[in-house]
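See below for the structure under consideration.
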Amino acid sequence: MPNSLTAETIVIGAGISGLTAAYRLHQAGHTVRLVEAGLHPGGLIRSHLEEGFLTEAGPNTFPNTATEILELCQQLKIRPKATDCKAAKRYLFLKGRLIALPQKPWQAITTPALSIGGKLRLLQEPFKPRTQTEDISVGAFLEKRLGREVVDNLADPFISGIYAGNVNDLSLPAVFPKLWQWEQSAGSLLKGMRQSKKKKTQSVVERQPMRLFSFTGGLETFTQELYRALPPENCLFGQSVIHIEVTETGYKLQTHQGEQFTCRHVVLAIPAHSAAALLKTLSPDASHELAQIHYNGLAVVHFGFNRADIPHPLDGFGCLIPRREKLPLLGAIWASSLFPTRAPEGQVLLSSFIGGAHHPEICGWHPPKIEHLVLDNLQRVFKTREPLQPTYSQTIIYNKAIPQYNLGHLAKMQAIENALQKHPHIHLCGNYLHGIALNECVKSGLAAAESIITPLR
Ligand SMILES: Cc1cc2nc3c(=O)[nH]c(=O)nc-3n(C[C@H](O)[C@H](O)[C@H](O)COP(=O)(O)OP(=O)(O)OC[C@H]3O[C@@H](n4cnc5c(N)ncnc54)[C@H](O)[C@@H]3O)c2cc1C
């Protein structure tokens, strides 16, 4: 029989959420053990240097509003690197050409992203009635307030770019809580935005123009440093937890390799479907709700090209592609425009995203077929005369990439919280709870740790 290892807390999952929870607990003097199914820390965060190209398998950047990440960077003594200033510009592929998106709300007046009719429709926003239901899809909400064109030309590609999702499935209050709050409190987005700007409490950070950050060695620098701050002997990789049961003093966990652990607290820092499987007997209600959280698949395709082969200044973050353009490509990040050192001299690195809610079948294809389609789509976007010849390629396929905050998401979160009240020593954190962005994951990891360090009495 394998020995049973004991710790005050076991954190399952070494993505950014679990690493943050473990780091905070260790900092507070708790004995914490981290158990990860994969072979490396970081979860979705993986930076890879090959042939002079530095690629990201998952996330690329975090903004200057990510206060908790920036605070941890200070503690870990690592310096984030801002993207090149041209990254503020974003492009939209509309009616067969790339157009720069407005960077300020007033630029909506001149943007070719909306027709004159679409712009006039924006003026009606303050007169549209407040939503009376408890939930509404992003598409329905924005269509009512801002018109169909805003949904098709702006919201749809934006949502595809972030969630690989569908505007008609995602819940507005869960995905854009600020817009919901503005409408519900002030009766209109315009009035709500004005009121929030006037509030003296607005932090200095919020008033600064948006900047994006990563690290010279990629985002993995952050998760590696979190991991390095933990005692290595307390971190186990290649061990998937398959069972949790209640004991007299807490919980007993078992991994697929037969390793056993006992602990008082368990932090589940794993995707919702994995948490659902582990909680099946402990909390069938929480497990049922967690199992209903849908994840969309996504393929990330990195291509290196000779700079001279791309007939565009690439002076921006990248481009988004609305569904109405009928290209399966969701968008591309012009990675070497954000960080010029990420491609060898004379070359560029473009990271494309394909699949998502509208083309789930693509994630079932072999990489060469996906790459062929992405190349074809990029040729149309850049209008190249000759077929594009990449100097480098790499494809990562996720069958379950991003949790979808579909209609009813907030009620589901409440139901999970209620169900787990019977298990106050089981703590959840991760990107399916209150935000998919990296800083929201960090906040959820810190909150899980805090509920162990300072439990409610
Ligand atoms: C392609 C892509 C691009 C993105 N871009 C951005 C971006 O630019 N900016 C941004 O802010 N966000 C971005 N995101 C979102 C962000 O990357 C994620 O929300 C975040 O990384 C999730 O971290 P996590 O720790 O919650 O989960 P994960 O990173 O998924 O980590 C969970 C870990 O749990 C482990 N695990 C699962 N089950 C078990 C088990 N039973 N036992 C042990 N271990 C287990 C897994 O192996 C995994 O390592 C992107 C996401 C994707 C997919």
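Numbering starts fresh at 1 for the residues of each chain in the structure tokens, the chains themselves are lettered A, B, ... in the order given, and ligands are numbered from 1 as they appear.
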To check your reading of the model: which residues sit at most 8 Å from ligand 1 when counting only C-alpha atoms and all ligand atoms? Write the answer as an NGL selection string.
:A and (12-19 or 35-38 or 40-45 or 57-63 or 162 or 238-242 or 255 or 269-271 or 274-275 or 278 or 298-300 or 353 or 398 or 401-402 or 429-432 or 435-441)
Residue neighbourhood Thr133 in chain A, 12 Å, only C-alpha atoms, exclusion window fewer than 3 positions, as a list in words:
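Result of the neighbour search: Pro129, Arg130, Ile136, Ser137, Ala140, Phe141, Ser171, Leu172, Pro173, Trp180, Gln184, Leu407 and Gly408 of chain A.
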Output file for the selection above: C-alpha atoms, as a CSV table (one decimal), in the first residue's frame:
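Final output, saved to part-v6.csv:
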```csv
chain,number,residue,atom,x,y,z
A,129,PRO,CA,-35.7,50.7,-21.8
A,130,ARG,CA,-33.9,49.0,-18.9
A,136,ILE,CA,-30.0,38.4,-21.0
A,137,SER,CA,-27.5,37.3,-23.7
A,140,ALA,CA,-29.8,40.5,-27.2
A,141,PHE,CA,-28.6,43.2,-24.8
A,171,SER,CA,-24.8,35.9,-20.4
A,172,LEU,CA,-24.3,39.7,-20.3
A,173,PRO,CA,-24.4,40.1,-16.5
A,180,TRP,CA,-25.0,45.4,-16.7
A,184,GLN,CA,-29.4,48.7,-14.2
A,407,LEU,CA,-27.2,32.3,-19.8
A,408,GLY,CA,-27.8,31.3,-16.2
```
For His423 in chain A: contacts at 12 Å, only C-alpha atoms, fewer than 6 positions along chain excluded, given as a compact mmCIF listing (two decimals) with C-alpha atoms, in the first residue's frame:
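Final output, result_0.txt:
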```
# COMPACT_ATOMS: atom_id res chain seq x y z
CA GLU A 245 -13.42 11.15 0.24
CA VAL A 246 -14.29 12.53 3.64
CA GLY A 250 -10.69 16.18 6.67
CA TYR A 251 -10.24 14.53 3.29
CA ARG A 264 -7.85 19.33 6.14
CA HIS A 265 -8.53 21.61 3.16
CA VAL A 266 -8.75 20.88 -0.55
CA VAL A 267 -8.42 23.61 -3.17
CA LEU A 279 -17.15 16.03 -6.41
CA LEU A 282 -19.03 14.33 -2.11
CA SER A 283 -21.47 16.92 -3.44
CA PRO A 284 -23.73 15.62 -6.24
CA ALA A 286 -22.28 21.00 -6.98
CA ILE A 416 -22.51 25.70 -6.54
CA GLU A 417 -21.70 27.96 -3.59
```
For range 301-312 of chain A, please output as a list in words all residues within 7 Å (counting only C-alpha atoms; exclusion window: fewer than 6 positions along the same chain).
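Once the nearby chain positions are removed, what remains is Gly346, Gln347, Val348, Leu349, Leu350, Ser351, Ser352, Phe353, Glu371, Phe382, Thr384, Gln389, Pro390, Thr391, Tyr392, Ser393, Gln394, Thr395 and Ile396 of chain A.
Backbone DSSP over range 295-353 of chain A gives strand (DSSP E or B) for A:Tyr295, A:Asn296, A:Gly297, A:Leu298, A:Ala299, A:Val300, A:Val301, A:His302, A:Phe303, A:Gly304, A:Phe305, A:Asn306, A:Gly318, A:Cys319, A:Leu320, A:Leu329, A:Leu330, A:Gly331, A:Ala332, A:Ile333, A:Gln347, A:Val348, A:Leu349, A:Leu350, A:Ser351, A:Ser352, A:Phe353.
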Suppose we keep C-alpha atoms; can you now write the selection as a compact mmCIF listing (two decimals), in the first residue's frame?
```txt
# COMPACT_ATOMS: atom_id res chain seq x y z
CA TYR A 295 -16.06 24.68 -22.76
CA ASN A 296 -15.43 25.62 -26.38
CA GLY A 297 -12.56 24.10 -28.28
CA LEU A 298 -9.93 26.21 -30.00
CA ALA A 299 -6.84 25.74 -32.14
CA VAL A 300 -3.90 28.13 -31.89
CA VAL A 301 -1.70 28.25 -34.99
CA HIS A 302 1.65 30.05 -34.91
CA PHE A 303 3.25 30.94 -38.23
CA GLY A 304 6.57 32.61 -38.91
CA PHE A 305 6.82 34.51 -42.20
CA ASN A 306 9.46 36.53 -43.95
CA GLY A 318 -3.73 42.02 -34.45
CA CYS A 319 -7.06 41.57 -36.16
CA LEU A 320 -10.50 40.22 -35.39
CA LEU A 329 -10.52 32.26 -38.68
CA LEU A 330 -11.50 34.10 -35.47
CA GLY A 331 -8.55 36.45 -35.48
CA ALA A 332 -4.80 36.70 -35.16
CA ILE A 333 -2.36 38.31 -32.76
CA GLN A 347 10.69 37.65 -39.90
CA VAL A 348 7.31 38.06 -38.16
CA LEU A 349 5.32 35.82 -35.84
CA LEU A 350 1.53 35.69 -36.32
CA SER A 351 -0.59 33.67 -33.87
CA SER A 352 -4.01 32.73 -35.25
CA PHE A 353 -7.09 31.39 -33.47
```
Residue neighbourhood His30 in chain A, 9 Å, only C-alpha atoms, exclusion window fewer than 4 positions, as a list of chain:residue names
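Selected residues are A:Ala7, A:Glu8, A:Thr9, A:Arg24, A:Leu25, A:His26, A:Ile453.
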